[in-house]
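Novice: Sharing my_file.cif, mmCIF, C-alpha atoms:
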```cif
data_run
#
loop_
_atom_site.label_atom_id
_atom_site.label_comp_id
_atom_site.auth_asym_id
_atom_site.auth_seq_id
_atom_site.Cartn_x
_atom_site.Cartn_y
_atom_site.Cartn_z
CA MET A 1104 94.46 114.73 95.93
CA VAL A 1105 97.87 116.27 96.19
CA VAL A 1106 100.90 114.74 94.54
CA ARG A 1107 103.90 115.46 96.71
CA GLN A 1108 107.54 114.52 96.75
CA HIS A 1109 109.45 113.24 99.74
CA ARG A 1110 113.15 112.97 100.39
CA ALA A 1111 114.29 109.41 100.88
CA LYS A 1112 117.50 107.88 102.14
CA GLY A 1113 120.52 108.90 100.06
CA GLY A 1114 118.75 111.99 98.73
CA ALA A 1115 116.54 110.06 96.31
CA ARG A 1116 113.03 111.35 95.64
CA ALA A 1117 109.84 109.55 94.68
CA VAL A 1118 106.35 110.58 93.71
CA CYS A 1119 103.59 109.78 96.17
CA ALA A 1120 100.66 107.85 94.72
CA LEU A 1121 98.33 108.99 97.51
CA ALA A 1122 99.22 112.15 99.41
CA VAL A 1123 97.00 111.05 102.26
CA VAL A 1124 99.52 108.50 103.40
CA GLY A 1125 102.41 110.97 103.16
CA VAL A 1126 104.72 108.31 101.82
CA MET A 1127 106.47 107.37 98.62
CA ALA A 1128 104.94 105.54 95.70
CA ALA A 1129 106.25 102.20 94.77
CA THR A 1130 107.29 99.33 92.57
CA ALA A 1131 104.99 96.33 92.32
CA GLY A 1132 106.52 92.93 93.00
CA CYS A 1133 105.37 89.36 92.70
CA SER A 1134 106.69 85.87 93.00
CA GLY A 1135 106.24 83.09 90.55
CA SER A 1136 109.09 80.93 91.77
CA GLY A 1137 111.43 80.74 94.67
CA GLY A 1138 112.33 78.77 97.74
CA GLY A 1139 110.40 75.70 98.78
CA GLY A 1140 110.90 72.34 100.34
CA ASP A 1141 109.08 69.27 101.62
CA ARG A 1142 109.31 69.82 105.37
CA ALA A 1143 106.43 71.22 107.36
CA VAL A 1144 106.61 74.44 109.32
CA ALA A 1145 107.98 74.05 112.82
CA GLY A 1146 106.85 76.06 115.81
CA ASP A 1147 109.60 75.93 118.41
CA ARG A 1148 110.23 79.09 120.38
CA GLY A 1149 112.93 81.04 118.56
CA GLY A 1150 115.90 79.47 116.85
CA ALA A 1151 116.16 77.94 113.41
CA ASP A 1152 112.64 76.48 113.39
CA ALA A 1153 110.98 79.85 113.94
CA LEU A 1154 113.19 81.44 111.29
CA ASP A 1155 112.41 78.64 108.85
CA ALA A 1156 108.67 78.98 109.47
CA VAL A 1157 108.70 82.65 108.56
CA HIS A 1158 110.97 82.18 105.52
CA ARG A 1159 108.61 79.56 104.14
CA ALA A 1160 105.47 81.67 104.47
CA ALA A 1161 106.06 83.49 101.18
CA ALA A 1162 106.83 80.24 99.33
CA VAL A 1163 103.62 78.67 100.61
CA LEU A 1164 101.55 81.59 99.31
CA ALA A 1165 103.20 81.48 95.91
CA GLY A 1166 102.61 77.76 95.59
CA THR A 1167 106.31 76.89 95.54
CA VAL A 1168 106.21 74.54 98.55
CA SER A 1169 105.65 71.01 97.38
CA GLY A 1170 106.09 67.44 98.50
CA THR A 1171 104.35 65.30 101.07
CA GLY A 1172 106.11 66.64 104.14
CA THR A 1173 105.94 65.36 107.71
CA ALA A 1174 104.12 67.25 110.42
CA VAL A 1175 106.25 68.89 113.08
CA ALA A 1176 104.98 69.99 116.49
CA GLY A 1177 101.39 69.32 115.42
CA ILE A 1178 101.64 71.36 112.22
CA ALA A 1179 100.06 69.88 109.09
CA PRO A 1180 102.28 68.96 106.12
CA ALA A 1181 103.11 71.87 103.88
CA SER A 1182 101.77 70.06 100.81
CA GLY A 1183 98.24 70.89 101.95
CA ALA A 1184 99.02 74.56 102.27
CA VAL A 1185 99.25 75.70 98.69
CA ALA A 1186 96.23 77.79 97.71
CA GLY A 1187 97.60 80.49 95.44
CA THR A 1188 94.80 83.00 96.00
CA ALA A 1189 93.26 84.77 98.97
CA GLU A 1190 90.93 87.53 100.02
CA VAL A 1191 92.80 90.50 101.45
CA ARG A 1192 92.24 93.29 103.94
CA THR A 1193 94.87 95.95 104.46
CA SER A 1194 95.47 98.97 106.62
CA LEU A 1195 98.24 101.53 106.39
CA GLU A 1196 98.68 103.92 109.28
CA THR A 1197 101.08 106.83 109.09
CA ALA A 1198 102.23 109.02 111.95
CA ALA A 1199 104.06 112.30 111.40
CA GLY A 1200 104.24 114.84 114.19
CA GLY A 1201 100.88 114.66 115.93
CA THR A 1202 98.93 113.52 112.86
CA ARG A 1203 97.79 109.96 112.28
CA VAL A 1204 96.04 108.77 109.14
CA THR A 1205 94.79 105.26 108.34
CA VAL A 1206 93.97 104.10 104.82
CA ARG A 1207 92.10 100.80 104.44
CA GLY A 1208 91.83 98.40 101.55
CA ARG A 1209 89.87 95.26 100.74
CA GLY A 1210 89.89 92.84 97.82
CA SER A 1211 91.57 89.68 96.54
CA TYR A 1212 94.96 88.61 95.25
CA ASP A 1213 96.34 85.88 92.99
CA PHE A 1214 99.80 85.04 94.31
CA ARG A 1215 100.69 82.72 91.45
CA HIS A 1216 99.97 85.29 88.75
CA CYS A 1217 100.94 88.27 90.91
CA ARG A 1218 97.77 90.23 90.33
CA GLY A 1219 95.24 91.70 92.69
CA ARG A 1220 92.25 94.02 92.88
CA LEU A 1221 91.63 96.19 95.93
CA THR A 1222 89.23 98.94 96.91
CA VAL A 1223 91.03 101.59 98.93
CA VAL A 1224 89.17 103.94 101.25
CA VAL A 1225 90.74 107.33 101.96
CA PRO A 1226 89.67 108.94 105.27
CA LYS A 1227 87.58 112.09 105.17
CA ASP A 1228 89.69 115.25 104.87
CA ALA A 1229 92.94 113.28 104.75
CA ALA A 1230 93.83 114.56 101.29
CA GLY A 1231 92.44 118.05 101.66
CA GLU A 1232 88.83 117.43 100.61
CA ASP A 1233 85.67 116.63 102.50
CA GLU A 1234 84.64 113.47 100.68
CA HIS A 1235 86.56 110.88 98.67
CA ARG A 1236 85.23 108.16 96.43
CA PRO A 1237 86.86 104.77 97.05
CA ILE A 1238 89.84 104.17 94.79
CA THR A 1239 90.03 100.92 92.83
CA GLU A 1240 93.58 99.63 92.54
CA LEU A 1241 94.85 96.87 90.28
CA LEU A 1242 98.22 95.40 91.26
CA ALA A 1243 100.39 93.81 88.60
CA PRO A 1244 104.11 93.22 88.03
CA GLY A 1245 105.70 96.61 87.45
CA ALA A 1246 102.46 98.57 87.47
CA LEU A 1247 99.78 100.03 89.71
CA TYR A 1248 96.48 101.04 88.10
CA MET A 1249 94.11 103.41 89.90
CA MET A 1250 90.49 104.31 89.15
CA ASN A 1251 88.94 107.39 90.78
CA ARG A 1252 92.38 108.89 91.13
CA GLY A 1253 90.80 112.34 91.04
CA ALA A 1254 92.57 115.67 90.44
CA GLY A 1255 91.39 116.11 86.86
CA VAL A 1256 91.37 112.47 85.79
CA PRO A 1257 88.16 111.54 83.87
CA ALA A 1258 85.87 109.26 85.85
CA ASP A 1259 86.10 106.45 83.29
CA LYS A 1260 89.89 106.46 83.01
CA TRP A 1261 92.64 104.63 84.87
CA VAL A 1262 95.91 106.13 86.02
CA ARG A 1263 98.87 103.83 85.47
CA VAL A 1264 101.94 104.20 87.68
CA ASP A 1265 105.16 102.69 86.32
CA THR A 1266 106.26 101.32 89.64
CA THR A 1267 109.63 100.07 88.44
CA ALA A 1268 110.93 103.65 88.47
CA LEU A 1269 109.84 104.40 92.04
CA GLU A 1270 111.51 103.65 95.30
CA ASP A 1271 109.65 101.84 98.07
CA GLY A 1272 108.97 98.48 96.46
CA ASN A 1273 105.18 98.77 96.87
CA LEU A 1274 105.50 98.51 100.61
CA VAL A 1275 103.53 101.70 101.24
CA SER A 1276 102.34 102.88 97.84
CA GLY A 1277 98.80 104.04 97.23
CA GLY A 1278 97.85 103.34 100.82
CA VAL A 1279 98.27 99.59 100.31
CA THR A 1280 101.17 97.19 100.67
CA ASP A 1281 101.24 94.76 97.76
CA PRO A 1282 100.41 91.43 99.47
CA MET A 1283 103.12 89.47 97.66
CA THR A 1284 105.76 92.07 98.42
CA ALA A 1285 104.70 92.04 102.07
CA ALA A 1286 105.13 88.28 102.17
CA GLU A 1287 108.42 88.29 100.24
CA LEU A 1288 109.86 90.75 102.75
CA LEU A 1289 109.77 87.91 105.27
CA ARG A 1290 112.48 86.17 103.24
CA GLY A 1291 114.80 88.75 104.77
CA ALA A 1292 113.97 87.73 108.33
CA ARG A 1293 117.09 87.42 110.48
CA GLN A 1294 115.97 87.32 114.10
CA VAL A 1295 112.68 85.58 114.77
CA THR A 1296 111.04 84.59 118.03
CA TYR A 1297 108.01 82.37 118.44
CA VAL A 1298 105.65 84.32 120.68
CA GLU A 1299 102.56 82.21 121.28
CA GLU A 1300 99.66 80.26 119.90
CA THR A 1301 96.56 82.40 119.51
CA VAL A 1302 93.34 82.63 117.50
CA LEU A 1303 92.86 85.03 114.59
CA ALA A 1304 89.34 85.41 113.18
CA GLY A 1305 88.49 81.98 114.55
CA VAL A 1306 91.60 80.31 113.09
CA PRO A 1307 94.37 78.92 115.34
CA VAL A 1308 97.64 80.61 114.42
CA ARG A 1309 101.21 80.87 115.65
CA HIS A 1310 102.56 84.34 116.29
CA TYR A 1311 106.17 85.10 115.34
CA ARG A 1312 107.99 88.36 115.92
CA GLY A 1313 111.25 89.48 114.39
CA THR A 1314 113.11 91.85 112.11
CA ALA A 1315 113.66 91.64 108.38
CA ASP A 1316 116.41 93.12 106.26
CA ILE A 1317 115.05 94.54 103.02
CA GLY A 1318 118.30 94.04 101.13
CA LEU A 1319 118.52 90.40 102.21
CA ALA A 1320 114.88 89.89 101.24
CA ALA A 1321 115.67 91.24 97.78
CA ARG A 1322 118.54 88.80 97.36
CA GLU A 1323 116.46 85.83 98.52
CA ALA A 1324 113.24 86.71 96.70
CA ALA A 1325 112.09 85.26 93.41
CA PRO A 1326 113.14 87.26 90.33
CA GLY A 1327 109.73 88.88 89.96
CA SER A 1328 109.94 90.42 93.43
CA ARG A 1329 113.62 91.21 93.56
CA GLY A 1330 113.53 94.54 91.77
CA ALA A 1331 110.77 95.87 93.99
CA LEU A 1332 112.61 94.98 97.16
CA ASP A 1333 115.88 96.35 95.77
CA ALA A 1334 114.06 99.64 95.27
CA ALA A 1335 112.59 99.49 98.76
CA ALA A 1336 116.03 99.12 100.29
CA LYS A 1337 116.84 102.61 98.99
CA GLY A 1338 113.78 104.38 100.24
CA PHE A 1339 113.63 103.94 103.99
CA ARG A 1340 115.62 105.34 106.85
CA THR A 1341 116.85 101.87 107.77
CA ASP A 1342 116.92 98.53 105.98
CA THR A 1343 115.73 96.79 109.16
CA VAL A 1344 111.97 96.34 109.41
CA PRO A 1345 110.31 94.98 112.58
CA PHE A 1346 107.40 92.62 111.89
CA ASP A 1347 104.79 90.38 113.47
CA ALA A 1348 103.68 87.38 111.41
CA TYR A 1349 100.83 84.97 112.09
CA LEU A 1350 100.89 81.56 110.38
CA ASP A 1351 98.16 78.94 110.40
CA GLU A 1352 98.68 75.23 110.93
CA ARG A 1353 99.51 74.75 107.25
CA GLY A 1354 102.22 77.40 107.28
CA ARG A 1355 100.14 79.95 105.38
CA LEU A 1356 100.59 83.60 106.23
CA ARG A 1357 97.34 84.85 107.73
CA LYS A 1358 98.47 88.24 108.94
CA VAL A 1359 101.63 90.30 108.79
CA ARG A 1360 102.33 93.71 110.30
CA HIS A 1361 105.42 95.69 109.27
CA ARG A 1362 106.73 98.89 110.84
CA PHE A 1363 108.57 101.18 108.45
CA SER A 1364 110.43 104.40 109.16
CA PHE A 1365 111.78 107.10 106.86
CA ALA A 1366 112.56 110.79 106.80
CA ASN A 1367 110.22 113.24 105.09
CA GLU A 1368 111.75 116.72 104.70
CA GLY A 1369 113.62 116.27 107.95
CA ARG A 1370 110.70 114.82 109.90
CA ALA A 1371 110.50 111.22 111.05
CA VAL A 1372 107.53 109.38 109.56
CA GLU A 1373 106.40 106.03 110.96
CA VAL A 1374 104.25 103.69 108.89
CA VAL A 1375 102.50 100.57 110.21
CA SER A 1376 101.27 98.34 107.40
CA THR A 1377 99.00 95.37 108.13
CA THR A 1378 97.91 92.70 105.64
CA LEU A 1379 95.25 90.15 106.57
CA LEU A 1380 94.71 87.06 104.37
CA TYR A 1381 91.70 84.73 104.44
CA GLY A 1382 89.38 82.85 102.09
CA PHE A 1383 92.24 80.93 100.47
CA GLY A 1384 91.41 79.44 97.09
CA VAL A 1385 88.83 82.09 96.21
CA PRO A 1386 88.50 82.68 92.44
CA VAL A 1387 90.45 85.80 91.42
CA SER A 1388 90.20 87.40 88.00
CA VAL A 1389 92.04 90.64 87.30
CA ARG A 1390 91.73 92.19 83.85
CA LEU A 1391 94.17 95.01 83.27
CA PRO A 1392 92.92 98.11 81.44
CA ASP A 1393 93.41 98.52 77.70
CA ASP A 1394 95.69 101.32 76.57
CA ARG A 1395 92.70 103.38 75.42
CA ASP A 1396 91.32 103.33 78.98
CA ILE A 1397 94.46 104.80 80.57
CA TYR A 1398 94.68 108.52 81.23
CA THR A 1399 97.82 110.07 79.80
CA GLY A 1400 97.25 113.72 80.71
CA ARG A 1401 98.62 115.71 83.58
CA ILE A 1402 97.28 115.05 87.09
CA ARG A 1403 96.52 118.37 88.72
CA GLN A 1404 97.87 119.18 92.15
CA ARG A 1405 95.40 120.56 94.65
#
```
Represent the supplied structure as structure tokens.

Specialist:
Amino acid sequence: MVVRQHRAKGGARAVCALAVVGVMAATAGCSGSGGGGDRAVAGDRGGADALDAVHRAAAVLAGTVSGTGTAVAGIAPASGAVAGTAEVRTSLETAAGGTRVTVRGRGSYDFRHCRGRLTVVVPKDAAGEDEHRPITELLAPGALYMMNRGAGVPADKWVRVDTTALEDGNLVSGGVTDPMTAAELLRGARQVTYVEETVLAGVPVRHYRGTADIGLAAREAAPGSRGALDAAAKGFRTDTVPFDAYLDERGRLRKVRHRFSFANEGRAVEVVSTTLLYGFGVPVSVRLPDDRDIYTGRIRQR
């Protein structure tokens, strides 16, 4: 794999965790506290109810919505929504010039403890080699751990990225958007429209569409996520991020798609990041590597 650098907004530079995605590496964020309430998610078309529904999605995942609640527009009370963990599927598609690359991930995430484990699949030839072993990624507050990082890293060692020093808030790092950061970004939603009721993987959901402001999301997020989103606000061409969010009848985020844009050496790069959540309540255990298992040498550039 090639480690490259890319010019971000304001002239800042960040190291790319996976050259295949052609984007900047990131800071990991998580939420252990934050907004909540005892009113169920509403589903009216547009207006305050739609905005409220999207704002609450992150709080529901983190387990910070509590109370008995009263159903609105056929939506179940929010008190039944809290699960704290979920299985995750991700995709990150980048487009620069005429080249499109999609990196896919799959695993599980603990939203209460802000830890996850994902297996990331790099497309053939995307990083300049014919074949690529899947990369195991561990997500934790302030750190991204990668196994099978390649480029001279021993097979039994992890690479640790200090994400607090990088610039995109784990929105596009390593080919995966940190699920909690993706959800927390919705706290910055400003204009939201209720689109329709639909079915996603057999589950009835409500589709909302809008734009989020990264800086506003950082101010509204829980302390554990704030630094990551603050960093993200510096890394993209614009602070405004279009999104589509799909919430189930309990107000849980089932799917979110963000569209990011930034400049890479004068070229416009578009990134579409999709996070799919299911299997809520699944047991999740993430053990971070010991210091002796972390590679501290130089990662070769190919």

Novice: Expand the PyMOL selection byres ((chain A and resi 1306) around 12) into the explicit residue set it covers here, and present it as a list in words.

Specialist: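 When the PyMOL selection byres ((chain A and resi 1306) around 12) is applied, the selected residues are Glu1300, Thr1301, Val1302, Leu1303, Ala1304, Gly1305, Pro1307, Val1308, Arg1309, Tyr1349, Leu1350, Asp1351, Glu1352, Arg1353, Arg1355, Leu1356, Arg1357, Lys1358, Leu1380, Tyr1381 and Gly1382 of chain A.
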
Novice: Got a sec to resolve the PyMOL selection byres ((chain A and resi 1334-1343) around 6) on this structure and send the residues as a count of residues only?

Specialist: 15

Novice: Using all atoms listed in the file, which residue out of A:Pro1282, A:Pro1345, A:Pro1257, A:Gly1400 lies closest to A:Arg1218?

Specialist: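 Nearest candidate to A:Arg1218 out of A:Pro1282, A:Pro1345, A:Pro1257, A:Gly1400: A:Pro1282.
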
Novice: Which is closest to A:Val1204 among A:Asp1152, A:Glu1373, A:Glu1323, A:Asp1394, if we use all atoms listed in the file?

Specialist: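 Closest candidate: A:Glu1373.
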
Novice: Quick one: pull the distance between atom CA of A:Leu1288 and atom CA of A:Pro1237, Å, one decimal.

Specialist: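 Those two atoms sit 27.5 Å apart.
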
Novice: If you apply the PyMOL selection byres ((chain A and resi 1359) around 6) to this file, what residues do you get, as number ranges by chain?

Specialist: A: 1347-1348, 1358, 1360, 1377-1378

Novice: Can you work out the spacing between atom CA of A:Thr1188 and atom CA of A:His1158 in Å, to one decimal?

Specialist: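 Here the two named atoms are 18.8 Å from each other.
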
Novice: Tell me, in Å to one decimal, how far atom CA of A:Leu1242 is from atom CA of A:Arg1322.

Specialist: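 Atom CA of A:Leu1242 sits 22.2 Å away from atom CA of A:Arg1322.
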
Novice: Write out as a list in words each polymer residue whose atoms come within 7 Å of A:Val1279, counting all atoms listed in the file; drop sequence neighbours fewer than 3 positions from it.

Specialist: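 Using all atoms listed in the file, the neighbours found are Thr1193, Ser1194, Leu1195, Gly1208, Val1275 and Ser1276 of chain A.
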
Novice: Which of these, A:Ala1189, A:Val1256, A:Asn1251, A:Asp1155, has the shortest distance to A:Val1385 once you count only C-alpha atoms?

Specialist: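 Answer, going by the shortest atom-to-atom distance: A:Ala1189.
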
Novice: Given all atoms listed in the file as the basis, pick out the residue of A:Gly1354, A:Tyr1311, A:Gly1219, A:Leu1379 nearest to A:Arg1207.

Specialist: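 Among A:Gly1354, A:Tyr1311, A:Gly1219, A:Leu1379, it is A:Leu1379 that comes nearest to A:Arg1207.
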
Novice: Extract stretch 1234-1257 of chain A from the structure I just pasted (atoms: N, CA, C and O atoms) and return it as a tab-separated table (two decimals), in the first residue's frame.

Specialist:
```
chain	number	residue	atom	x	y	z
A	1234	GLU	N	-3.28	-8.59	-5.40
A	1234	GLU	CA	-4.13	-9.19	-4.38
A	1234	GLU	C	-3.89	-8.50	-3.04
A	1234	GLU	O	-2.78	-8.08	-2.73
A	1235	HIS	N	-4.92	-8.43	-2.22
A	1235	HIS	CA	-4.82	-7.79	-0.91
A	1235	HIS	C	-5.53	-8.65	0.12
A	1235	HIS	O	-6.68	-9.04	-0.09
A	1236	ARG	N	-4.85	-8.94	1.19
A	1236	ARG	CA	-5.51	-9.65	2.29
A	1236	ARG	C	-6.46	-8.67	2.97
A	1236	ARG	O	-6.17	-7.47	3.09
A	1237	PRO	N	-7.60	-9.15	3.47
A	1237	PRO	CA	-8.50	-8.26	4.21
A	1237	PRO	C	-7.78	-7.64	5.40
A	1237	PRO	O	-6.93	-8.27	6.04
A	1238	ILE	N	-8.10	-6.40	5.67
A	1238	ILE	CA	-7.49	-5.67	6.78
A	1238	ILE	C	-8.45	-5.69	7.96
A	1238	ILE	O	-9.63	-5.37	7.83
A	1239	THR	N	-7.95	-6.09	9.12
A	1239	THR	CA	-8.74	-6.03	10.34
A	1239	THR	C	-8.52	-4.68	10.99
A	1239	THR	O	-7.37	-4.26	11.20
A	1240	GLU	N	-9.61	-3.99	11.30
A	1240	GLU	CA	-9.51	-2.68	11.94
A	1240	GLU	C	-10.24	-2.70	13.28
A	1240	GLU	O	-11.38	-3.17	13.37
A	1241	LEU	N	-9.58	-2.19	14.29
A	1241	LEU	CA	-10.19	-1.98	15.60
A	1241	LEU	C	-10.37	-0.48	15.79
A	1241	LEU	O	-9.41	0.29	15.65
A	1242	LEU	N	-11.58	-0.07	16.11
A	1242	LEU	CA	-11.90	1.34	16.31
A	1242	LEU	C	-12.04	1.60	17.80
A	1242	LEU	O	-12.75	0.87	18.51
A	1243	ALA	N	-11.37	2.63	18.27
A	1243	ALA	CA	-11.41	2.99	19.68
A	1243	ALA	C	-11.24	4.50	19.79
A	1243	ALA	O	-10.77	5.14	18.85
A	1244	PRO	N	-11.62	5.09	20.93
A	1244	PRO	CA	-11.45	6.54	21.07
A	1244	PRO	C	-10.00	6.96	20.86
A	1244	PRO	O	-9.09	6.49	21.54
A	1245	GLY	N	-9.77	7.80	19.88
A	1245	GLY	CA	-8.45	8.34	19.64
A	1245	GLY	C	-7.48	7.43	18.92
A	1245	GLY	O	-6.32	7.79	18.74
A	1246	ALA	N	-7.94	6.25	18.49
A	1246	ALA	CA	-6.99	5.32	17.87
A	1246	ALA	C	-7.68	4.43	16.85
A	1246	ALA	O	-8.85	4.07	16.99
A	1247	LEU	N	-6.93	4.09	15.82
A	1247	LEU	CA	-7.32	3.11	14.82
A	1247	LEU	C	-6.20	2.08	14.73
A	1247	LEU	O	-5.04	2.44	14.50
A	1248	TYR	N	-6.53	0.81	14.96
A	1248	TYR	CA	-5.56	-0.27	14.89
A	1248	TYR	C	-5.83	-1.09	13.64
A	1248	TYR	O	-6.98	-1.44	13.36
A	1249	MET	N	-4.75	-1.42	12.89
A	1249	MET	CA	-4.91	-2.16	11.65
A	1249	MET	C	-3.98	-3.36	11.61
A	1249	MET	O	-2.79	-3.24	11.88
A	1250	MET	N	-4.54	-4.53	11.29
A	1250	MET	CA	-3.79	-5.75	11.08
A	1250	MET	C	-3.78	-6.06	9.59
A	1250	MET	O	-4.78	-5.84	8.90
A	1251	ASN	N	-2.66	-6.57	9.09
A	1251	ASN	CA	-2.46	-6.79	7.65
A	1251	ASN	C	-2.34	-5.46	6.92
A	1251	ASN	O	-2.80	-5.31	5.80
A	1252	ARG	N	-1.69	-4.53	7.57
A	1252	ARG	CA	-1.48	-3.21	6.99
A	1252	ARG	C	-0.54	-3.27	5.80
A	1252	ARG	O	-0.61	-2.45	4.91
A	1253	GLY	N	0.33	-4.29	5.79
A	1253	GLY	CA	1.21	-4.46	4.64
A	1253	GLY	C	2.40	-3.52	4.65
A	1253	GLY	O	2.73	-2.89	5.65
A	1254	ALA	N	3.07	-3.42	3.50
A	1254	ALA	CA	4.19	-2.49	3.28
A	1254	ALA	C	5.25	-2.62	4.36
A	1254	ALA	O	5.66	-1.65	4.98
A	1255	GLY	N	5.70	-3.88	4.61
A	1255	GLY	CA	6.80	-4.09	5.54
A	1255	GLY	C	6.40	-4.34	6.97
A	1255	GLY	O	7.26	-4.58	7.82
A	1256	VAL	N	5.12	-4.32	7.29
A	1256	VAL	CA	4.66	-4.58	8.65
A	1256	VAL	C	4.58	-6.09	8.86
A	1256	VAL	O	3.96	-6.80	8.07
A	1257	PRO	N	5.21	-6.64	9.91
A	1257	PRO	CA	5.12	-8.08	10.18
A	1257	PRO	C	3.67	-8.54	10.27
A	1257	PRO	O	2.80	-7.82	10.73
```
